[in-house]
$ cat input_34.pdb   # PDB, C-alpha atoms and all ligand atoms
ATOM      1  CA  MET A   1       0.000   0.000   0.000
ATOM      2  CA  SER A   2       1.435   3.361  -0.926
ATOM      3  CA  LEU A   3       1.881   6.019   1.693
ATOM      4  CA  LEU A   4      -0.735   8.249   0.170
ATOM      5  CA  SER A   5      -3.227   5.743  -1.217
ATOM      6  CA  VAL A   6      -6.834   6.153  -0.215
ATOM      7  CA  PRO A   7      -9.234   3.210  -0.414
ATOM      8  CA  THR A   8     -12.061   3.923  -2.837
ATOM      9  CA  ARG A   9     -14.505   0.983  -2.896
ATOM     10  CA  ARG A  10     -16.073   1.273   0.518
ATOM     11  CA  ARG A  11     -18.905   3.629   1.258
ATOM     12  CA  GLN A  12     -17.666   6.746   2.961
ATOM     13  CA  ILE A  13     -19.716   7.841   5.974
ATOM     14  CA  TYR A  14     -17.851  10.991   6.972
ATOM     15  CA  GLU A  15     -14.718  12.893   6.134
ATOM     16  CA  GLY A  16     -13.287  15.035   8.909
ATOM     17  CA  LYS A  17     -10.121  17.066   9.159
ATOM     18  CA  ALA A  18      -7.880  14.185  10.238
ATOM     19  CA  LYS A  19      -9.811  11.000   9.515
ATOM     20  CA  ILE A  20     -12.286   9.364   7.169
ATOM     21  CA  LEU A  21     -14.973   6.960   8.365
ATOM     22  CA  TYR A  22     -16.062   4.114   6.071
ATOM     23  CA  GLU A  23     -18.846   1.613   6.488
ATOM     24  CA  GLY A  24     -17.506  -1.458   8.333
ATOM     25  CA  PRO A  25     -17.877  -5.134   7.428
ATOM     26  CA  GLU A  26     -20.666  -5.712   9.974
ATOM     27  CA  PRO A  27     -23.515  -3.528  11.211
ATOM     28  CA  GLY A  28     -22.383  -1.390  14.111
ATOM     29  CA  THR A  29     -18.786  -1.292  12.902
ATOM     30  CA  VAL A  30     -16.891   1.444  11.093
ATOM     31  CA  ILE A  31     -13.444   1.665   9.526
ATOM     32  CA  GLN A  32     -11.477   4.672  10.687
ATOM     33  CA  TYR A  33      -8.863   5.843   8.160
ATOM     34  CA  PHE A  34      -6.117   8.175   9.419
ATOM     35  CA  LYS A  35      -5.138  10.907   6.961
ATOM     36  CA  ASP A  36      -1.874  12.866   6.915
ATOM     37  CA  ASP A  37      -3.717  16.194   7.068
ATOM     38  CA  ALA A  38      -2.866  18.493   9.932
ATOM     39  CA  THR A  39      -5.073  21.422  10.887
ATOM     40  CA  ALA A  40      -4.999  23.958  13.686
ATOM     41  CA  GLY A  41      -7.112  26.898  14.790
ATOM     42  CA  ASN A  42     -10.344  25.182  13.689
ATOM     43  CA  GLY A  43      -8.980  24.591  10.151
ATOM     44  CA  ALA A  44      -7.419  28.055   9.714
ATOM     45  CA  LYS A  45      -3.953  26.488   9.353
ATOM     46  CA  LYS A  46      -3.500  23.400   7.150
ATOM     47  CA  ASP A  47      -0.731  21.137   5.936
ATOM     48  CA  VAL A  48      -0.008  17.540   4.989
ATOM     49  CA  ILE A  49       2.569  15.762   7.136
ATOM     50  CA  ALA A  50       3.569  12.578   5.279
ATOM     51  CA  GLY A  51       3.257   9.559   7.553
ATOM     52  CA  LYS A  52       1.420  11.302  10.412
ATOM     53  CA  GLY A  53      -1.731   9.233   9.887
ATOM     54  CA  ILE A  54       0.243   5.996  10.089
ATOM     55  CA  LEU A  55       1.744   6.995  13.434
ATOM     56  CA  ASN A  56      -1.515   8.280  14.899
ATOM     57  CA  ASN A  57      -3.319   5.099  13.858
ATOM     58  CA  ARG A  58      -0.670   3.036  15.591
ATOM     59  CA  ILE A  59      -0.391   5.209  18.719
ATOM     60  CA  SER A  60      -4.165   5.431  19.170
ATOM     61  CA  ALA A  61      -4.594   1.664  18.674
ATOM     62  CA  HIS A  62      -1.904   1.055  21.291
ATOM     63  CA  LEU A  63      -3.265   3.484  23.883
ATOM     64  CA  MET A  64      -6.857   2.310  23.483
ATOM     65  CA  THR A  65      -5.727  -1.313  23.807
ATOM     66  CA  ARG A  66      -3.842  -0.428  26.994
ATOM     67  CA  LEU A  67      -6.850   1.430  28.392
ATOM     68  CA  GLU A  68      -9.051  -1.619  27.726
ATOM     69  CA  THR A  69      -6.763  -3.635  30.004
ATOM     70  CA  ILE A  70      -7.728  -1.426  32.961
ATOM     71  CA  GLY A  71     -11.418  -1.680  32.079
ATOM     72  CA  VAL A  72     -11.981   1.548  30.161
ATOM     73  CA  PRO A  73     -14.412   0.597  27.373
ATOM     74  CA  THR A  74     -13.299   1.912  23.977
ATOM     75  CA  HIS A  75     -14.562   1.816  20.405
ATOM     76  CA  PHE A  76     -11.366   0.071  19.244
ATOM     77  CA  ILE A  77     -11.776  -3.448  17.822
ATOM     78  CA  LYS A  78      -8.614  -4.104  15.838
ATOM     79  CA  SER A  79      -6.000  -2.651  13.530
ATOM     80  CA  LEU A  80      -6.589  -3.471   9.872
ATOM     81  CA  ASN A  81      -3.512  -1.985   8.242
ATOM     82  CA  MET A  82      -1.143   0.929   8.641
ATOM     83  CA  ARG A  83      -3.805   3.578   8.233
ATOM     84  CA  GLU A  84      -7.016   1.866   9.249
ATOM     85  CA  GLN A  85      -8.642   0.420  12.308
ATOM     86  CA  LEU A  86     -11.941  -1.329  12.797
ATOM     87  CA  ILE A  87     -14.014   0.401  15.464
ATOM     88  CA  ARG A  88     -17.486   0.184  16.920
ATOM     89  CA  GLN A  89     -19.822   2.764  15.511
ATOM     90  CA  VAL A  90     -21.049   4.990  18.304
ATOM     91  CA  GLU A  91     -23.390   7.920  18.587
ATOM     92  CA  ILE A  92     -20.841  10.611  19.352
ATOM     93  CA  ILE A  93     -21.746  12.727  22.388
ATOM     94  CA  PRO A  94     -21.094  16.278  21.116
ATOM     95  CA  ILE A  95     -18.866  17.180  24.062
ATOM     96  CA  GLU A  96     -15.089  17.152  24.082
ATOM     97  CA  LEU A  97     -13.541  16.517  27.491
ATOM     98  CA  VAL A  98     -10.152  18.108  28.054
ATOM     99  CA  VAL A  99      -8.107  16.859  31.007
ATOM    100  CA  ARG A 100      -5.299  19.164  32.136
ATOM    101  CA  ASN A 101      -2.404  18.330  34.437
ATOM    102  CA  ILE A 102      -0.144  21.252  33.588
ATOM    103  CA  ALA A 103      -1.243  24.660  32.310
ATOM    104  CA  ALA A 104      -0.859  25.102  28.537
ATOM    105  CA  GLY A 105      -2.713  26.253  25.441
ATOM    106  CA  SER A 106      -6.065  27.990  25.736
ATOM    107  CA  LEU A 107      -6.113  27.749  29.548
ATOM    108  CA  CYS A 108      -3.046  30.009  29.725
ATOM    109  CA  LYS A 109      -4.534  32.535  27.305
ATOM    110  CA  ARG A 110      -7.930  32.543  28.983
ATOM    111  CA  LEU A 111      -6.755  32.785  32.587
ATOM    112  CA  GLY A 112      -3.344  34.418  32.268
ATOM    113  CA  VAL A 113      -1.605  31.440  33.838
ATOM    114  CA  ALA A 114       2.039  30.789  32.872
ATOM    115  CA  GLU A 115       2.563  27.841  30.550
ATOM    116  CA  GLY A 116       4.065  24.907  32.402
ATOM    117  CA  SER A 117       2.526  25.744  35.802
ATOM    118  CA  ARG A 118       1.795  22.520  37.592
ATOM    119  CA  MET A 119      -1.707  22.460  39.055
ATOM    120  CA  PRO A 120      -2.449  20.857  42.423
ATOM    121  CA  ARG A 121      -5.037  18.576  40.812
ATOM    122  CA  PRO A 122      -6.128  17.716  37.297
ATOM    123  CA  ILE A 123      -8.896  19.807  35.756
ATOM    124  CA  VAL A 124     -11.613  18.548  33.413
ATOM    125  CA  GLU A 125     -13.163  20.999  30.955
ATOM    126  CA  PHE A 126     -16.066  20.532  28.547
ATOM    127  CA  TYR A 127     -16.261  21.947  25.032
ATOM    128  CA  TYR A 128     -19.318  21.785  22.782
ATOM    129  CA  LYS A 129     -18.321  20.062  19.507
ATOM    130  CA  ASN A 130     -19.446  22.624  16.964
ATOM    131  CA  ASP A 131     -17.030  23.856  14.302
ATOM    132  CA  ALA A 132     -19.260  26.770  13.277
ATOM    133  CA  LEU A 133     -19.084  28.096  16.849
ATOM    134  CA  GLY A 134     -15.389  27.237  17.264
ATOM    135  CA  ASP A 135     -16.026  24.506  19.888
ATOM    136  CA  PRO A 136     -16.973  26.836  22.780
ATOM    137  CA  MET A 137     -16.288  25.897  26.381
ATOM    138  CA  VAL A 138     -19.456  24.933  28.269
ATOM    139  CA  ASN A 139     -20.362  23.637  31.722
ATOM    140  CA  ASP A 140     -22.545  20.736  32.824
ATOM    141  CA  ASP A 141     -25.592  23.017  33.123
ATOM    142  CA  HIS A 142     -25.328  23.851  29.410
ATOM    143  CA  ILE A 143     -24.805  20.185  28.532
ATOM    144  CA  VAL A 144     -27.926  19.047  30.395
ATOM    145  CA  THR A 145     -30.087  22.058  29.533
ATOM    146  CA  PHE A 146     -29.455  21.767  25.805
ATOM    147  CA  GLY A 147     -29.797  17.982  25.882
ATOM    148  CA  TRP A 148     -26.290  17.080  24.720
ATOM    149  CA  ALA A 149     -25.848  14.539  27.531
ATOM    150  CA  ASP A 150     -27.650  13.477  30.719
ATOM    151  CA  PRO A 151     -26.155  14.033  34.182
ATOM    152  CA  TYR A 152     -25.278  10.336  34.645
ATOM    153  CA  GLU A 153     -23.576  10.352  31.238
ATOM    154  CA  ILE A 154     -21.509  13.379  32.250
ATOM    155  CA  GLU A 155     -20.590  11.637  35.494
ATOM    156  CA  GLU A 156     -19.546   8.515  33.606
ATOM    157  CA  MET A 157     -17.468  10.512  31.082
ATOM    158  CA  VAL A 158     -15.710  12.450  33.843
ATOM    159  CA  ASN A 159     -14.962   9.256  35.807
ATOM    160  CA  LEU A 160     -13.577   7.587  32.701
ATOM    161  CA  ALA A 161     -11.554  10.700  31.810
ATOM    162  CA  PHE A 162      -9.876  10.701  35.254
ATOM    163  CA  ARG A 163      -9.128   6.986  34.982
ATOM    164  CA  CYS A 164      -7.590   7.549  31.538
ATOM    165  CA  ASN A 165      -5.584  10.427  32.980
ATOM    166  CA  ASP A 166      -4.188   8.392  35.887
ATOM    167  CA  TYR A 167      -3.283   5.494  33.647
ATOM    168  CA  LEU A 168      -1.841   7.547  30.784
ATOM    169  CA  ASN A 169       0.156   9.769  33.170
ATOM    170  CA  GLY A 170       1.918   6.662  34.437
ATOM    171  CA  LEU A 171       2.326   5.126  31.012
ATOM    172  CA  PHE A 172       3.909   8.259  29.554
ATOM    173  CA  ALA A 173       5.993   9.026  32.663
ATOM    174  CA  GLY A 174       7.483   5.550  32.244
ATOM    175  CA  VAL A 175       8.934   6.652  28.903
ATOM    176  CA  ASN A 176      10.001  10.108  30.100
ATOM    177  CA  LEU A 177       7.042  11.982  28.674
ATOM    178  CA  LEU A 178       4.930  14.455  30.602
ATOM    179  CA  LEU A 179       1.217  14.252  29.809
ATOM    180  CA  VAL A 180       0.381  17.958  29.947
ATOM    181  CA  ASP A 181      -3.238  17.675  28.738
ATOM    182  CA  PHE A 182      -5.403  15.721  26.311
ATOM    183  CA  LYS A 183      -8.844  15.701  24.667
ATOM    184  CA  LEU A 184     -11.307  12.815  24.728
ATOM    185  CA  GLU A 185     -14.526  12.081  22.876
ATOM    186  CA  PHE A 186     -17.092   9.562  24.066
ATOM    187  CA  GLY A 187     -19.999   7.864  22.362
ATOM    188  CA  ARG A 188     -23.122   5.862  23.122
ATOM    189  CA  ILE A 189     -23.793   2.261  22.153
ATOM    190  CA  TRP A 190     -27.081   0.581  22.997
ATOM    191  CA  GLY A 191     -27.250  -3.132  23.801
ATOM    192  CA  GLU A 192     -30.057  -5.500  22.803
ATOM    193  CA  GLN A 193     -31.972  -4.876  26.023
ATOM    194  CA  GLY A 194     -31.742  -1.147  25.485
ATOM    195  CA  GLU A 195     -28.903  -0.804  27.979
ATOM    196  CA  LEU A 196     -26.515   2.060  27.426
ATOM    197  CA  TYR A 197     -22.762   1.864  27.124
ATOM    198  CA  ILE A 198     -20.547   4.946  27.202
ATOM    199  CA  VAL A 199     -17.320   4.192  25.370
ATOM    200  CA  LEU A 200     -14.178   6.125  24.562
ATOM    201  CA  ALA A 201     -14.149   7.018  20.852
ATOM    202  CA  ASP A 202     -12.207   9.050  18.273
ATOM    203  CA  GLU A 203      -8.421   8.911  18.796
ATOM    204  CA  ILE A 204      -5.704   9.435  21.396
ATOM    205  CA  SER A 205      -2.511  10.587  19.717
ATOM    206  CA  PRO A 206      -0.040  13.483  19.709
ATOM    207  CA  ASP A 207      -2.680  15.314  17.636
ATOM    208  CA  ASN A 208      -4.857  15.660  20.726
ATOM    209  CA  CYS A 209      -2.437  15.196  23.643
ATOM    210  CA  ARG A 210       0.223  17.635  24.797
ATOM    211  CA  LEU A 211       3.353  15.614  25.515
ATOM    212  CA  TRP A 212       6.597  17.172  26.748
ATOM    213  CA  ASP A 213       9.929  15.505  27.248
ATOM    214  CA  MET A 214      10.217  15.031  31.016
ATOM    215  CA  LYS A 215      13.688  16.574  31.315
ATOM    216  CA  THR A 216      14.013  19.119  28.516
ATOM    217  CA  LYS A 217      10.282  20.037  28.371
ATOM    218  CA  GLU A 218      10.582  19.852  24.598
ATOM    219  CA  LYS A 219       7.173  19.705  22.890
ATOM    220  CA  MET A 220       6.489  16.391  21.145
ATOM    221  CA  ASP A 221       2.928  16.921  19.928
ATOM    222  CA  LYS A 222       0.767  18.991  17.578
ATOM    223  CA  ASP A 223       1.973  22.233  19.190
ATOM    224  CA  ARG A 224       5.059  21.762  16.954
ATOM    225  CA  PHE A 225       2.683  22.339  14.037
ATOM    226  CA  ARG A 226       0.516  25.011  15.718
ATOM    227  CA  GLN A 227       3.577  27.039  16.717
ATOM    228  CA  ASP A 228       5.670  26.362  13.570
ATOM    229  CA  LEU A 229       8.395  24.645  15.566
ATOM    230  CA  GLY A 230       9.119  22.108  12.795
ATOM    231  CA  GLY A 231      10.209  18.504  13.347
ATOM    232  CA  ILE A 232       6.676  17.245  13.795
ATOM    233  CA  MET A 233       7.383  13.821  12.240
ATOM    234  CA  ASP A 234      10.505  13.345  14.349
ATOM    235  CA  ALA A 235       8.522  14.175  17.459
ATOM    236  CA  TYR A 236       5.639  11.795  16.666
ATOM    237  CA  GLN A 237       8.119   9.044  15.715
ATOM    238  CA  GLU A 238       9.981   9.594  18.965
ATOM    239  CA  VAL A 239       6.744   9.254  20.952
ATOM    240  CA  ALA A 240       5.921   6.001  19.121
ATOM    241  CA  ALA A 241       9.473   4.685  19.575
ATOM    242  CA  ARG A 242       9.440   5.472  23.312
ATOM    243  CA  LEU A 243       6.131   3.646  23.626
ATOM    244  CA  GLY A 244       7.872   0.682  21.990
ATOM    245  CA  ILE A 245       5.462   0.486  19.081
ATOM    246  CA  ILE A 246       7.833   1.315  16.244
ATOM    247  CA  PRO A 247      11.363  -0.044  15.989
ATOM    248  CA  ARG A 248      13.936   2.600  16.786
ATOM    249  CA  GLU A 249      16.420   1.163  14.279
ATOM    250  CA  ALA A 250      13.977   1.912  11.439
ATOM    251  CA  LEU A 251      13.842   5.651  12.202
ATOM    252  CA  VAL A 252      15.478   8.145   9.885
ATOM    253  CA  SER A 253      15.361  11.745  11.000
ATOM    254  CA  GLY A 254      13.071  14.098   9.092
ATOM    255  CA  THR A 255      11.290  11.507   6.995
ATOM    256  CA  PHE A 256       8.931   8.629   7.153
ATOM    257  CA  ASN A 257      10.847   5.917   5.349
ATOM    258  CA  GLU A 258      10.278   2.570   3.644
ATOM    259  CA  ASN A 259      12.142   0.565   6.309
ATOM    260  CA  LEU A 260       9.806   1.794   8.942
ATOM    261  CA  MET A 261       6.776   1.037   6.813
ATOM    262  CA  SER A 262       7.694  -2.611   6.229
ATOM    263  CA  SER A 263       8.486  -3.206   9.892
ATOM    264  CA  LEU A 264       5.196  -1.568  10.838
ATOM    265  CA  GLU A 265       3.285  -3.875   8.536
ATOM    266  CA  GLU A 266       4.661  -6.883  10.430
ATOM    267  CA  ILE A 267       3.692  -5.467  13.814
ATOM    268  CA  GLU A 268       0.212  -4.559  12.581
ATOM    269  CA  ASN A 269      -0.460  -8.103  11.439
ATOM    270  CA  GLU A 270       0.560  -9.524  14.775
ATOM    271  CA  LEU A 271      -1.705  -7.096  16.548
ATOM    272  CA  SER A 272      -4.695  -7.818  14.292
ATOM    273  CA  GLU A 273      -4.460 -11.526  14.929
ATOM    274  CA  ALA A 274      -4.096 -11.112  18.668
ATOM    275  CA  ARG A 275      -7.317  -9.130  19.093
ATOM    276  CA  THR A 276     -10.912 -10.258  18.740
ATOM    277  CA  MET A 277     -14.319  -8.619  19.166
ATOM    278  CA  ARG A 278     -15.275  -8.245  22.779
ATOM    279  CA  ALA A 279     -18.676  -7.759  24.354
ATOM    280  CA  LEU A 280     -19.040  -4.645  26.465
ATOM    281  CA  ASN A 281     -20.072  -5.312  30.023
ATOM    282  CA  LYS A 282     -21.215  -1.982  31.371
ATOM    283  CA  THR A 283     -24.854  -1.260  31.898
ATOM    284  CA  LYS A 284     -26.761   1.974  32.153
ATOM    285  CA  PRO A 285     -26.015   3.490  35.554
ATOM    286  CA  LYS A 286     -29.120   3.508  37.800
ATOM    287  CA  LYS A 287     -29.903   6.834  39.384
TER     288      LYS A 287
HETATM  289  N1  LIG B 301     -16.555   5.196  17.038
HETATM  290  C1  LIG B 301     -17.030   6.231  16.352
HETATM  291  N2  LIG B 301     -18.251   6.157  15.775
HETATM  292  C2  LIG B 301     -18.741   7.217  15.082
HETATM  293  N3  LIG B 301     -18.106   8.378  14.912
HETATM  294  C3  LIG B 301     -16.878   8.502  15.453
HETATM  295  C4  LIG B 301     -16.280   7.439  16.201
HETATM  296  N4  LIG B 301     -15.066   7.854  16.634
HETATM  297  C5  LIG B 301     -14.906   9.120  16.180
HETATM  298  N5  LIG B 301     -15.982   9.532  15.466
HETATM  299  C6  LIG B 301     -16.181  10.819  14.787
HETATM  300  O1  LIG B 301     -15.551  10.704  13.523
HETATM  301  C7  LIG B 301     -14.968  11.931  13.145
HETATM  302  C8  LIG B 301     -13.484  11.719  12.983
HETATM  303  O2  LIG B 301     -12.976  12.572  12.055
HETATM  304  P1  LIG B 301     -12.018  13.805  12.406
HETATM  305  O3  LIG B 301     -11.368  13.646  13.726
HETATM  306  O4  LIG B 301     -11.202  14.000  11.198
HETATM  307  O5  LIG B 301     -13.136  14.915  12.531
HETATM  308  P2  LIG B 301     -12.914  16.469  12.763
HETATM  309  O6  LIG B 301     -12.533  17.139  11.517
HETATM  310  O7  LIG B 301     -12.053  16.625  13.968
HETATM  311  O8  LIG B 301     -14.379  16.920  12.994
HETATM  312  P3  LIG B 301     -15.296  16.884  14.243
HETATM  313  O9  LIG B 301     -15.464  18.331  14.566
HETATM  314  O10 LIG B 301     -16.538  16.212  13.802
HETATM  315  O11 LIG B 301     -14.552  16.114  15.306
HETATM  316  C9  LIG B 301     -15.276  12.926  14.255
HETATM  317  O12 LIG B 301     -16.443  13.649  13.941
HETATM  318  C10 LIG B 301     -15.522  11.999  15.450
HETATM  319  O13 LIG B 301     -16.365  12.611  16.407
HETATM  320 MG    MG B 302     -11.416  15.215  15.338
END

$ encode --input "input_34.pdb" --output "structure tokens"
Amino acid sequence: MSLLSVPTRRRQIYEGKAKILYEGPEPGTVIQYFKDDATAGNGAKKDVIAGKGILNNRISAHLMTRLETIGVPTHFIKSLNMREQLIRQVEIIPIELVVRNIAAGSLCKRLGVAEGSRMPRPIVEFYYKNDALGDPMVNDDHIVTFGWADPYEIEEMVNLAFRCNDYLNGLFAGVNLLLVDFKLEFGRIWGEQGELYIVLADEISPDNCRLWDMKTKEKMDKDRFRQDLGGIMDAYQEVAARLGIIPREALVSGTFNENLMSSLEEIENELSEARTMRALNKTKPKK
């Protein structure tokens, strides 16, 4: 498969800024295709970073698989190839949850806090997913009043977000990366008895996490693109290499090369065979 090839036969459900969704092989499943497109400032800034989609696919598959092991339900079913993963189709809850451990980005601008300030406890923020409005920040009153999610769904999302934060903080700290903040999306799946499952959806990758090198505080995430720092591929590759999901010997600075692609293909196949469909076991919280 060429680096830039896009599958054409399947029915496309949605094309977003970073991914394309295709109809999956079974009802209730979707194929998520990771593009190389990078955008910032709600699409105001755009570029194509060759190989980014391959790394994000791999990093997100890895992190979601790890989160499943601690009982966080996710949409991830299995990796299909370097750019695609099979996922459960969910009804996306139109709220983005941002978990912050260290002050950065919009929080600094909004509140005049210095970037890098460590906060005594993590903060969860809600943003209404609406491109036309620029994804405005909202609170739980807005979410319930406008019917975007019910109170028990908010509670579930917040609980899951904190569990993800605790786990991912440890995981990244283990490879000398500081998890500064990250964004999560959740979705609803209904079981046969009408029971509700809230599952983690979308992606977790350096596109929606801020990751700093523990010692140097060097930025290793999409801020390299937002702030024109350059070296975005090197940074994403370094994150993947530290996580142990791409072979370090295949890395060549500044590019995404053939060696790396063939070794990735081998890893992907192993991963696909190791994973099977799993029934979700959460039921609608009683309140
Ligand atoms: N499991 C899932 N089932 C259905 N939709 C999903 C699932 N996971 C993610 N999505 C949605 O698929 C789209 C992924 O595409 P992408 O991230 O490129 O969108 P985007 O340009 O960021 O736009 P959006 O503002 O809709 O997020 C998003 O709209 C996301 O909410
Ligand atoms: Mg998105």

$ resolve_selection --input "input_34.pdb" --expression "the PyMOL selection byres (((not hetatm)) within 6 of (chain B and resi 301))" --output "number ranges by chain"
A: 16-20, 75, 87-92, 129, 131, 201-202

$ residues_near_ligand --input "input_34.pdb" --ligand "ligand MG 302 (chain B)" --cutoff "12 Å" --atoms "all atoms listed in the file" --output "PyMOL selection string"
chain A and resi 14-21+32+34-35+37-40+42-43+92+94-96+129-131+135+183-186+201-205+207-208

$ residues_near_point --input "input_34.pdb" --point "(-18.3, 5.1, 28.3)" --cutoff "12 Å" --atoms "only C-alpha atoms" --output "count of residues only"
41

$ atom_distance --input "input_34.pdb" --atom1 "CA of Arg10 (chain A)" --atom2 "CA of Glu26 (chain A)"
12.6 Å

$ atom_distance --input "input_34.pdb" --atom1 "CA of Ala149 (chain A)" --atom2 "CA of Val99 (chain A)"
18.2 Å

$ residues_around --input "input_34.pdb" --residues "region 105-109 of chain A" --least-positions-apart "5" --cutoff "10 Å" --atoms "only C-alpha atoms" --output "ChimeraX atom specification"
/A:100,114-117,125,180-181,210,223

$ residues_around --input "input_34.pdb" --residues "Ala50 (chain A)" --least-positions-apart "5" --cutoff "10 Å" --atoms "all atoms listed in the file" --output "count of residues only"
10

$ atom_distance --input "input_34.pdb" --atom1 "CA of Leu177 (chain A)" --atom2 "CA of Ala235 (chain A)"
11.5 Å

$ residues_around --input "input_34.pdb" --residues "Val239 (chain A)" --least-positions-apart "6" --cutoff "9 Å" --atoms "all atoms listed in the file" --output "number ranges by chain"
A: 59, 175, 177, 206, 211, 220-221

$ resolve_selection --input "input_34.pdb" --expression "the PyMOL selection byres (((chain A and resi 242) around 12) and not hetatm)" --output "PyMOL selection string"
chain A and resi 59+171-177+213+220+234-241+243-248+251

$ axis_aligned_box --input "input_34.pdb" --around "region 55-68 of chain A" --padding-each-side "6 Å" --output "lines of an AutoDock Vina configuration file"
center_x = -3.7
center_y = 3.3
center_z = 20.9
size_x = 22.8
size_y = 21.9
size_z = 27.0

$ residues_near_point --input "input_34.pdb" --point "(1.9, 1.5, 10.1)" --cutoff "6 Å" --atoms "all atoms listed in the file" --output "list in words"
Ile54, Met82, Met261, Leu264 and Glu265 of chain A

$ closest_residue --input "input_34.pdb" --among "A:Arg11, A:Asp47, A:Asp141, A:Lys215" --to "Gly24 (chain A)" --atoms "all atoms listed in the file"
A:Arg11

$ resolve_selection --input "input_34.pdb" --expression "the PyMOL selection byres (((chain A and resi 118) around 8) and not hetatm)" --output "PyMOL selection string"
chain A and resi 101-103+116-117+119-120

$ closest_residue --input "input_34.pdb" --among "A:Arg110, A:Arg121, A:Arg9, A:His142" --to "Asn165 (chain A)" --atoms "all atoms listed in the file"
A:Arg121

$ decode --input "input_34.pdb" --residues "region 202-242 of chain A" --atoms "C-alpha atoms" --output "PDB file, in the first residue's frame"
ATOM      1  CA  ASP A 202     -12.207   9.050  18.273  1.00  0.00           C
ATOM      2  CA  GLU A 203      -8.421   8.911  18.796  1.00  0.00           C
ATOM      3  CA  ILE A 204      -5.704   9.435  21.396  1.00  0.00           C
ATOM      4  CA  SER A 205      -2.511  10.587  19.717  1.00  0.00           C
ATOM      5  CA  PRO A 206      -0.040  13.483  19.709  1.00  0.00           C
ATOM      6  CA  ASP A 207      -2.680  15.314  17.636  1.00  0.00           C
ATOM      7  CA  ASN A 208      -4.857  15.660  20.726  1.00  0.00           C
ATOM      8  CA  CYS A 209      -2.437  15.196  23.643  1.00  0.00           C
ATOM      9  CA  ARG A 210       0.223  17.635  24.797  1.00  0.00           C
ATOM     10  CA  LEU A 211       3.353  15.614  25.515  1.00  0.00           C
ATOM     11  CA  TRP A 212       6.597  17.172  26.748  1.00  0.00           C
ATOM     12  CA  ASP A 213       9.929  15.505  27.248  1.00  0.00           C
ATOM     13  CA  MET A 214      10.217  15.031  31.016  1.00  0.00           C
ATOM     14  CA  LYS A 215      13.688  16.574  31.315  1.00  0.00           C
ATOM     15  CA  THR A 216      14.013  19.119  28.516  1.00  0.00           C
ATOM     16  CA  LYS A 217      10.282  20.037  28.371  1.00  0.00           C
ATOM     17  CA  GLU A 218      10.582  19.852  24.598  1.00  0.00           C
ATOM     18  CA  LYS A 219       7.173  19.705  22.890  1.00  0.00           C
ATOM     19  CA  MET A 220       6.489  16.391  21.145  1.00  0.00           C
ATOM     20  CA  ASP A 221       2.928  16.921  19.928  1.00  0.00           C
ATOM     21  CA  LYS A 222       0.767  18.991  17.578  1.00  0.00           C
ATOM     22  CA  ASP A 223       1.973  22.233  19.190  1.00  0.00           C
ATOM     23  CA  ARG A 224       5.059  21.762  16.954  1.00  0.00           C
ATOM     24  CA  PHE A 225       2.683  22.339  14.037  1.00  0.00           C
ATOM     25  CA  ARG A 226       0.516  25.011  15.718  1.00  0.00           C
ATOM     26  CA  GLN A 227       3.577  27.039  16.717  1.00  0.00           C
ATOM     27  CA  ASP A 228       5.670  26.362  13.570  1.00  0.00           C
ATOM     28  CA  LEU A 229       8.395  24.645  15.566  1.00  0.00           C
ATOM     29  CA  GLY A 230       9.119  22.108  12.795  1.00  0.00           C
ATOM     30  CA  GLY A 231      10.209  18.504  13.347  1.00  0.00           C
ATOM     31  CA  ILE A 232       6.676  17.245  13.795  1.00  0.00           C
ATOM     32  CA  MET A 233       7.383  13.821  12.240  1.00  0.00           C
ATOM     33  CA  ASP A 234      10.505  13.345  14.349  1.00  0.00           C
ATOM     34  CA  ALA A 235       8.522  14.175  17.459  1.00  0.00           C
ATOM     35  CA  TYR A 236       5.639  11.795  16.666  1.00  0.00           C
ATOM     36  CA  GLN A 237       8.119   9.044  15.715  1.00  0.00           C
ATOM     37  CA  GLU A 238       9.981   9.594  18.965  1.00  0.00           C
ATOM     38  CA  VAL A 239       6.744   9.254  20.952  1.00  0.00           C
ATOM     39  CA  ALA A 240       5.921   6.001  19.121  1.00  0.00           C
ATOM     40  CA  ALA A 241       9.473   4.685  19.575  1.00  0.00           C
ATOM     41  CA  ARG A 242       9.440   5.472  23.312  1.00  0.00           C
TER      42      ARG A 242
END
